[in-house]
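All remarks here apply to the structure that follows.
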Amino acid sequence: MSRDPLDERARELFAAARREPAPEAARQRIAAALRAQTQRPTLEPSRLLAWRGARVWLLVAAAAAVAGALFSLQVPEHSIDISAEALAPPSAQRQTTGAHTAAPPPRSAPSNDLGPVASSLPAKRTPVRTPPSLDQELATMQRARAALGRGDAAAALAELDRFGRGPGFRQLAVEARLLRIEALARAGRADEARNLARRFVQQNPNNPLVDRARTFATPAASSGVEKASEENQP
Amino acid sequence: MVDAASACNGVVVEPLTEDEPTSDIDALLNAHFAFIWRVCRRLGFAPADADDAAQQVFMIASTKLDRIMPQRERAFLYGIALRVRGHARRAERRRREVLVEDVEATALPSGGPDTQAALAQAWRLLDELLAELPDKLRRALVLAEIEGLEVTEIASFENIPVGTASSRLRLARERFRALLAKHPSKNPFGGRP
């Protein structure tokens with residue numbers, strides 16, 4: 001590998017960069033955050049039992065609230081809210097404040113040691129639904145592409161809707177949106193494809209896939225279908 | 001300066017192989033923390049932000065251990081680092097790269113005051129010059145000149161052909177040298193060729 005045209009002064013600058021020490025304190029903080037993340041989902045058996053007991057009481061309270069509402073001719077709005085909240089899945093309940101829920105406190109997690117980055121990571125929040133894994137996203141994309149390849153745009157759209165109203169695609173979100181545009185166009189839903197393509201171009205102007213999206217953003221989207229479908233082949 | 005979106009989108013999913021995936025996040029952290037931290041620094045994060053960015057990288061990696069193949073750990077972590085950086089850049093909308101006080105907040109290596117001052121000045125100048133380069137060239141230069149990667153490795157990390165990596169590196173060196181020549185008085189290692 002040729003080293004030119006860098007000279008000695010430049011090399012010394014880069015050598016200085018190699019001497020900048022990565023802070024050991026930061027490494028230790030990250031190690032602690034990783035340990036906390038690993039330990040967070042698990043519950044000790046005693047706490048698990050307490051949590052299950054709390055869930056039973058929550059269900060009883062919810063049932064009582066619903067029954068009371070049914071027997072009462074005047075249904076106050078707040079009782080509906082409370083019932084709905086109590087009947088929500090445990091993950092959603094954990095997101096509410098503890099004023100009227102009996103959820104046990106989380107296991108001692110050193111959250112104060114995690115710093116601002118860890119506090120903003122999704123792992124610290126309890127999701128309402130588990131997001132799909134990368135494997136799931138990849139598999140879904142492959143099935144959708146295969147469906148589109150055999151001309152079954154409806155099946156492709158069904159695959160892309162697999163995650164429903166949940167968190168949806170995350171790591172392949174951009175690719176999934178582009179595939180949805182193509183599937184919509186092939187399904188004859190040109191207006192929807194065009195609108196989605198325009199939003200794609202607006203929101204991802206620097207994305208490498210934007211040129212392909214542009215082919216669907218014009219009224220002559222049918223020509224874009226042909227071009228994009230050729231490019232989409234493995 | 002930096003094209004955060006292209007940096008983010010340059011990351012690709014590692015192909016699956018028949019090898020067993022990496023399973024120990026602690027080992028990854030110990031082996032690659034310094035690399036990731038340096039990359040974050042030279043790609044524009046101030047020292048404190050580089051700490052946070054490195055933490056994000058390893059927190060994300062800990063959720064993807066089944067995707068990290070042996071011998072590909074650094075490339076995988078590098079890809080995550082680019083994504084983290086892309087998100088940070090979009091969030092902060094291209095603020096100034098590195099402030100003087102940020103550099104001075106870095107823990108200095110042992111050495112006399114002159115050495116430490118020279119190093120701090122060198123880091124500051126380096127950050128200024130790297131910020132002048134297009135992002136693709138900057139990344140190639142950082143990987144080659146600071147991390148010591150060969151062209152083939154840079155191509156692998158960036159998921160580009162070897163010829164492209166070689167071309168980027170050559171261009172990056174040319175431009176860096178030209179930029180350095182514009183600021184002879186700032187170079188603590190001598191201003192004249």
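The chains in the structure tokens are called A, B, ... from first to last as shown; in each chain the residues are counted from 1, and the ligands are counted from 1 in the order shown.
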
Counting only C-alpha atoms, a student should be able to say which residues of chain B come within 6 Å of chain A; what is the right answer, written as a CSV table (one decimal) with C-alpha atoms, in the first residue's frame?
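Result went into out-v9.csv, see below:
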```
chain,number,residue,atom,x,y,z
B,5,ALA,CA,-27.3,10.1,6.2
B,34,ALA,CA,-10.4,1.8,22.5
B,51,ASP,CA,-17.9,8.2,25.7
B,52,ASP,CA,-21.6,8.3,25.2
B,55,GLN,CA,-21.7,3.3,25.2
B,119,LEU,CA,-0.6,16.4,21.8
B,122,ALA,CA,-2.2,18.0,17.4
B,146,ILE,CA,-5.0,6.0,12.8
B,173,ARG,CA,-4.2,11.7,1.7
B,174,GLU,CA,-3.8,14.3,-1.1
```

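Using only C-alpha atoms, the shortest contact distance between B:Gly148 and any of B:Leu171, B:Leu129, B:Val39, B:Val57 is found at B:Val39.
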
message = What's around B:Ala61 at 8 Å? Count only C-alpha atoms, leave out sequence neighbours fewer than 4 positions away in its own chain, and write the answer as a list in words.
response =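 Once the adjacent positions are removed, what remains is Ile25, Val57, Leu65, Leu77 and Ile80 of chain B.
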
Please write the residues from the selection above to a file, keeping C-alpha atoms, as a PDB file, in the first residue's frame.
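Result saved to out-v3.pdb:
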```
ATOM      1  CA  ILE B  25     -20.211  -8.588  25.099  1.00  0.00           C
ATOM      2  CA  VAL B  57     -22.415   1.227  20.252  1.00  0.00           C
ATOM      3  CA  LEU B  65     -24.535 -10.681  19.475  1.00  0.00           C
ATOM      4  CA  LEU B  77     -19.011  -2.416  15.743  1.00  0.00           C
ATOM      5  CA  ILE B  80     -22.940   0.493  14.512  1.00  0.00           C
TER       6      ILE B  80
END
```

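Each of A:Ala62, A:Ala183, A:Ala213, A:Ala193 was compared to A:Met141 using only C-alpha atoms, and A:Ala183 turns out to be the nearest.
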